[in-house]
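Trainee: Below is the file entry-v9.tsv, with TSV, C-alpha atoms and all ligand atoms.
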```
chain	number	residue	atom	x	y	z
A	124	MET	CA	-20.92	11.45	-3.18
A	125	HIS	CA	-18.12	12.40	-0.82
A	126	TYR	CA	-14.51	11.24	-0.91
A	127	ILE	CA	-12.78	10.84	2.43
A	128	THR	CA	-9.05	10.18	2.80
A	129	LYS	CA	-6.97	8.91	5.70
A	130	ILE	CA	-3.19	9.30	5.52
A	131	THR	CA	-0.83	7.00	7.40
A	132	ASN	CA	2.87	6.23	7.24
A	133	PHE	CA	5.10	3.21	7.49
A	134	SER	CA	8.75	2.35	7.05
A	135	ALA	CA	9.88	-0.84	5.41
A	136	SER	CA	12.72	-2.40	3.47
A	137	HIS	CA	12.69	-4.29	0.22
A	138	ARG	CA	14.72	-5.51	-2.66
A	139	VAL	CA	13.06	-5.04	-6.02
A	140	PHE	CA	14.02	-8.01	-8.15
A	141	ASN	CA	12.57	-10.91	-10.06
A	142	PRO	CA	13.93	-14.24	-8.78
A	143	GLU	CA	13.35	-15.76	-12.20
A	144	LEU	CA	15.94	-13.45	-13.72
A	145	SER	CA	19.72	-13.53	-13.38
A	146	ASP	CA	21.56	-11.03	-11.18
A	147	GLU	CA	22.75	-9.34	-14.34
A	148	GLU	CA	19.23	-9.00	-15.80
A	149	ASN	CA	17.88	-7.76	-12.48
A	150	GLU	CA	20.63	-5.19	-12.31
A	151	LYS	CA	19.80	-4.07	-15.83
A	152	ILE	CA	16.05	-3.66	-15.14
A	153	PHE	CA	15.97	-2.51	-11.53
A	154	GLY	CA	19.39	-0.91	-11.07
A	155	LYS	CA	20.24	-0.06	-7.47
A	156	CYS	CA	16.69	-1.01	-6.39
A	157	SER	CA	17.81	-4.61	-6.77
A	158	ASN	CA	20.78	-4.12	-4.44
A	159	LYS	CA	21.21	-7.55	-2.85
A	160	ASN	CA	20.95	-6.49	0.75
A	161	GLY	CA	17.90	-4.32	0.19
A	162	HIS	CA	17.16	-0.73	1.10
A	163	GLY	CA	14.46	1.17	2.96
A	164	HIS	CA	11.71	3.67	2.31
A	165	ASN	CA	9.45	5.85	4.41
A	166	TYR	CA	6.14	5.18	2.70
A	167	LYS	CA	3.03	7.32	2.85
A	168	LEU	CA	-0.29	5.57	2.39
A	169	GLU	CA	-3.49	7.40	1.46
A	170	VAL	CA	-6.73	5.45	1.58
A	171	THR	CA	-9.75	7.14	-0.01
A	172	VAL	CA	-13.30	5.96	0.62
A	173	CYS	CA	-16.39	7.32	-1.11
A	174	GLY	CA	-19.89	7.28	0.20
A	175	ASP	CA	-23.05	9.16	1.03
A	176	ILE	CA	-23.45	11.11	4.23
A	177	ASN	CA	-25.13	9.34	7.10
A	178	PRO	CA	-27.57	11.98	8.43
A	179	LEU	CA	-27.15	10.64	11.95
A	180	THR	CA	-23.40	11.40	12.06
A	181	GLY	CA	-22.73	13.77	9.17
A	182	TYR	CA	-20.01	11.30	8.11
A	183	ALA	CA	-19.64	9.25	4.95
A	184	ILE	CA	-17.25	7.14	7.00
A	185	ASP	CA	-16.04	7.62	10.56
A	186	LEU	CA	-12.34	8.51	10.17
A	187	LYS	CA	-11.51	7.06	13.59
A	188	ILE	CA	-12.82	3.70	12.45
A	189	LEU	CA	-11.05	3.98	9.09
A	190	LYS	CA	-7.81	4.84	10.88
A	191	SER	CA	-7.95	1.86	13.23
A	192	LEU	CA	-8.86	-0.44	10.37
A	193	ILE	CA	-5.84	0.72	8.32
A	194	GLU	CA	-3.55	0.44	11.33
A	195	LYS	CA	-4.72	-3.03	12.30
A	196	GLU	CA	-4.98	-4.54	8.82
A	197	ILE	CA	-2.01	-2.86	7.13
A	198	ILE	CA	0.35	-0.71	9.17
A	199	GLU	CA	0.91	-3.27	11.95
A	200	LYS	CA	1.75	-5.85	9.28
A	201	VAL	CA	4.13	-3.77	7.14
A	202	ASP	CA	5.77	-1.22	9.44
A	203	HIS	CA	9.47	-1.97	10.06
A	204	LYS	CA	9.21	-5.15	8.01
A	205	ASN	CA	10.98	-6.62	5.04
A	206	LEU	CA	8.44	-6.55	2.22
A	207	ASN	CA	10.14	-9.45	0.42
A	208	THR	CA	10.02	-11.92	3.26
A	209	ASP	CA	7.74	-10.82	6.10
A	210	LEU	CA	4.32	-10.48	4.47
A	211	ASP	CA	2.05	-13.46	3.82
A	212	PHE	CA	-0.05	-11.39	1.43
A	213	LEU	CA	2.91	-10.39	-0.75
A	214	LYS	CA	4.63	-13.78	-1.00
A	215	ASN	CA	6.09	-14.52	-4.44
A	216	GLN	CA	5.43	-11.00	-5.66
A	217	ILE	CA	7.87	-8.25	-6.53
A	218	PRO	CA	7.48	-5.65	-3.73
A	219	SER	CA	6.74	-2.69	-5.99
A	220	ILE	CA	4.26	-0.02	-4.89
A	221	GLU	CA	1.96	-1.27	-7.66
A	222	ASN	CA	1.80	-4.74	-6.11
A	223	LEU	CA	1.53	-3.25	-2.61
A	224	ALA	CA	-1.43	-1.10	-3.67
A	225	THR	CA	-3.22	-4.11	-5.16
A	226	ALA	CA	-2.61	-6.14	-2.00
A	227	PHE	CA	-3.79	-3.33	0.28
A	228	TRP	CA	-6.92	-2.95	-1.83
A	229	GLN	CA	-7.73	-6.64	-1.47
A	230	ILE	CA	-7.22	-6.44	2.28
A	231	LEU	CA	-9.44	-3.40	2.83
A	232	GLU	CA	-12.08	-3.76	0.14
A	233	ASN	CA	-14.55	-5.85	2.09
A	234	LYS	CA	-13.74	-4.59	5.57
A	235	LEU	CA	-15.10	-1.04	5.40
A	236	PRO	CA	-17.97	-0.36	7.80
A	237	SER	CA	-19.54	2.08	5.34
A	238	GLY	CA	-18.85	3.60	1.94
A	239	LYS	CA	-16.78	2.02	-0.81
A	240	LEU	CA	-13.04	1.87	-1.31
A	241	TYR	CA	-12.22	4.42	-4.01
A	242	LYS	CA	-8.44	4.78	-4.18
A	243	ILE	CA	-5.21	3.52	-2.66
A	244	LYS	CA	-2.28	5.89	-3.11
A	245	ILE	CA	1.19	4.98	-1.93
A	246	PHE	CA	4.18	7.31	-1.96
A	247	GLU	CA	7.53	5.53	-2.02
A	248	THR	CA	9.40	8.84	-2.07
A	249	ASP	CA	8.23	12.45	-2.07
A	250	ASN	CA	8.28	12.38	-5.85
A	251	SER	CA	7.08	8.89	-6.70
A	252	PHE	CA	3.70	7.37	-6.03
A	253	VAL	CA	1.12	4.94	-7.37
A	254	GLU	CA	-2.65	5.36	-7.46
A	255	TYR	CA	-4.88	2.31	-7.67
A	256	TYR	CA	-8.63	2.44	-8.23
A	257	GLY	CA	-9.33	-1.29	-8.23
A	258	ASN	CA	-10.07	-3.21	-11.38
B	1	NI	NI	12.94	0.80	-3.24
```
Could you express the structure from this file as structure tokens?
Ligand code: NI

Mentor:
Amino acid sequence: MHYITKITNFSASHRVFNPELSDEENEKIFGKCSNKNGHGHNYKLEVTVCGDINPLTGYAIDLKILKSLIEKEIIEKVDHKNLNTDLDFLKNQIPSIENLATAFWQILENKLPSGKLYKIKIFETDNSFVEYYGN
């Protein structure tokens, strides 16, 4: 089994807060991440697919195809957007990287031309990231 990863980037804004909580409670839990007017991040997204080598191509998955799939299905939808308000697939969810990873997984899972989705990794900063391996 081989594990193939494509790395892409996007920039987006968000406000991390729970609308069911008061401003005071949000401030207590999320601190400056719940700043009312939001803030931005330069995110890095790593999508890892696993699969067996196709003897015809030598590839487990064609990285050109994986790249265009990620760009069309994810990057075009999230880049330079407000994650709280602009994304149909994240409506009514707190825009944490955990929830983003789950949403990205659901989007990509059944769209791969070959191999299986293995991991979604999202960096929110250089030092903070989430890894999601599905359920
Ligand atoms: Ni943030």

Trainee: For region 242-249 of chain A, find every residue with an atom within 12 Å (counting only C-alpha atoms), except residues of its own chain fewer than 2 positions away, and show them as a ChimeraX atom specification.

Mentor: /A:126-137,162-173,193,218-232,239-240,251-258

Trainee: Write the residues you've just listed into a file as a compact mmCIF listing (two decimals), in the coordinates of the input, and include C-alpha atoms for each of them.

Mentor:
```txt
# COMPACT_ATOMS: atom_id res chain seq x y z
CA TYR A 126 -14.51 11.24 -0.91
CA ILE A 127 -12.78 10.84 2.43
CA THR A 128 -9.05 10.18 2.80
CA LYS A 129 -6.97 8.91 5.70
CA ILE A 130 -3.19 9.30 5.52
CA THR A 131 -0.83 7.00 7.40
CA ASN A 132 2.87 6.23 7.24
CA PHE A 133 5.10 3.21 7.49
CA SER A 134 8.75 2.35 7.05
CA ALA A 135 9.88 -0.84 5.41
CA SER A 136 12.72 -2.40 3.47
CA HIS A 137 12.69 -4.29 0.22
CA HIS A 162 17.16 -0.73 1.10
CA GLY A 163 14.46 1.17 2.96
CA HIS A 164 11.71 3.67 2.31
CA ASN A 165 9.45 5.85 4.41
CA TYR A 166 6.14 5.18 2.70
CA LYS A 167 3.03 7.32 2.85
CA LEU A 168 -0.29 5.57 2.39
CA GLU A 169 -3.49 7.40 1.46
CA VAL A 170 -6.73 5.45 1.58
CA THR A 171 -9.75 7.14 -0.01
CA VAL A 172 -13.30 5.96 0.62
CA CYS A 173 -16.39 7.32 -1.11
CA ILE A 193 -5.84 0.72 8.32
CA PRO A 218 7.48 -5.65 -3.73
CA SER A 219 6.74 -2.69 -5.99
CA ILE A 220 4.26 -0.02 -4.89
CA GLU A 221 1.96 -1.27 -7.66
CA ASN A 222 1.80 -4.74 -6.11
CA LEU A 223 1.53 -3.25 -2.61
CA ALA A 224 -1.43 -1.10 -3.67
CA THR A 225 -3.22 -4.11 -5.16
CA ALA A 226 -2.61 -6.14 -2.00
CA PHE A 227 -3.79 -3.33 0.28
CA TRP A 228 -6.92 -2.95 -1.83
CA GLN A 229 -7.73 -6.64 -1.47
CA ILE A 230 -7.22 -6.44 2.28
CA LEU A 231 -9.44 -3.40 2.83
CA GLU A 232 -12.08 -3.76 0.14
CA LYS A 239 -16.78 2.02 -0.81
CA LEU A 240 -13.04 1.87 -1.31
CA SER A 251 7.08 8.89 -6.70
CA PHE A 252 3.70 7.37 -6.03
CA VAL A 253 1.12 4.94 -7.37
CA GLU A 254 -2.65 5.36 -7.46
CA TYR A 255 -4.88 2.31 -7.67
CA TYR A 256 -8.63 2.44 -8.23
CA GLY A 257 -9.33 -1.29 -8.23
CA ASN A 258 -10.07 -3.21 -11.38
```

Trainee: Please determine, counting only C-alpha atoms and all ligand atoms, which residue among A:Lys200, A:Lys190, A:Ile217, A:Thr180 has the shortest atom-to-atom distance to ligand NI 1 (chain B).

Mentor: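 Checking each of A:Lys200, A:Lys190, A:Ile217, A:Thr180 against ligand NI 1 (chain B), counting only C-alpha atoms and all ligand atoms, the winner is A:Ile217.
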
Trainee: If I take CA of Val139 (chain A) and CA of Cys156 (chain A), how far is one from the other in Å, to one decimal?

Mentor: 5.4 Å

Trainee: For ligand NI 1 (chain B), which of A:Asn149, A:Asn250, A:Gln216, A:Ser157 is the closest residue, counting all atoms listed in the file?

Mentor: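 Between A:Asn149, A:Asn250, A:Gln216, A:Ser157, the residue approaching ligand NI 1 (chain B) most closely is A:Ser157.
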
Trainee: Using all atoms listed in the file, can you tell me which of A:Asn207, A:Asn177, A:Ser145, A:Ser191 comes closest to ligand NI 1 (chain B)?

Mentor: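 Looking only at the distances to ligand NI 1 (chain B), the closest residue turns out to be A:Asn207.
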
Trainee: Between A:Met124, A:Ala183, A:Leu189, A:Leu206, which one has atoms that come closest to ligand NI 1 (chain B), using all atoms listed in the file?

Mentor: A:Leu206

Trainee: So for region 176-193 of chain A, what box centre and size do we get, axis-aligned, 3 Å extra on each of the six sides, every listed atom, Å to one decimal, as lines of an AutoDock Vina configuration file?

Mentor:
```
center_x = -16.7
center_y = 6.7
center_z = 8.9
size_x = 27.7
size_y = 20.2
size_z = 15.4
```

Trainee: Which residue, A:Glu196, A:Asp175, A:Glu143, A:Asp185, has the smallest gap to Phe212 (chain A) when you use all atoms listed in the file?

Mentor: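 Among A:Glu196, A:Asp175, A:Glu143, A:Asp185, it is A:Glu196 that comes nearest to Phe212 (chain A).
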
Trainee: Given the choices A:Leu213, A:Glu194, A:Phe153, A:Gly238, which gets closest to Asn141 (chain A) if the distance is worked out from all atoms listed in the file?

Mentor: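 Of A:Leu213, A:Glu194, A:Phe153, A:Gly238, the one nearest Asn141 (chain A) is A:Phe153, counting all atoms listed in the file.
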
Trainee: Could you please determine the separation between CA of Glu147 (chain A) and CA of Asn205 (chain A) in Å, to one decimal place?

Mentor: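 Straight-line distance from CA of Glu147 (chain A) to CA of Asn205 (chain A) works out to 22.8 Å.
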
Trainee: Have a look at CA of Glu150 (chain A) and CA of Lys214 (chain A) and let me know their distance in Å, one decimal.

Mentor: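 A separation of 21.4 Å between them.
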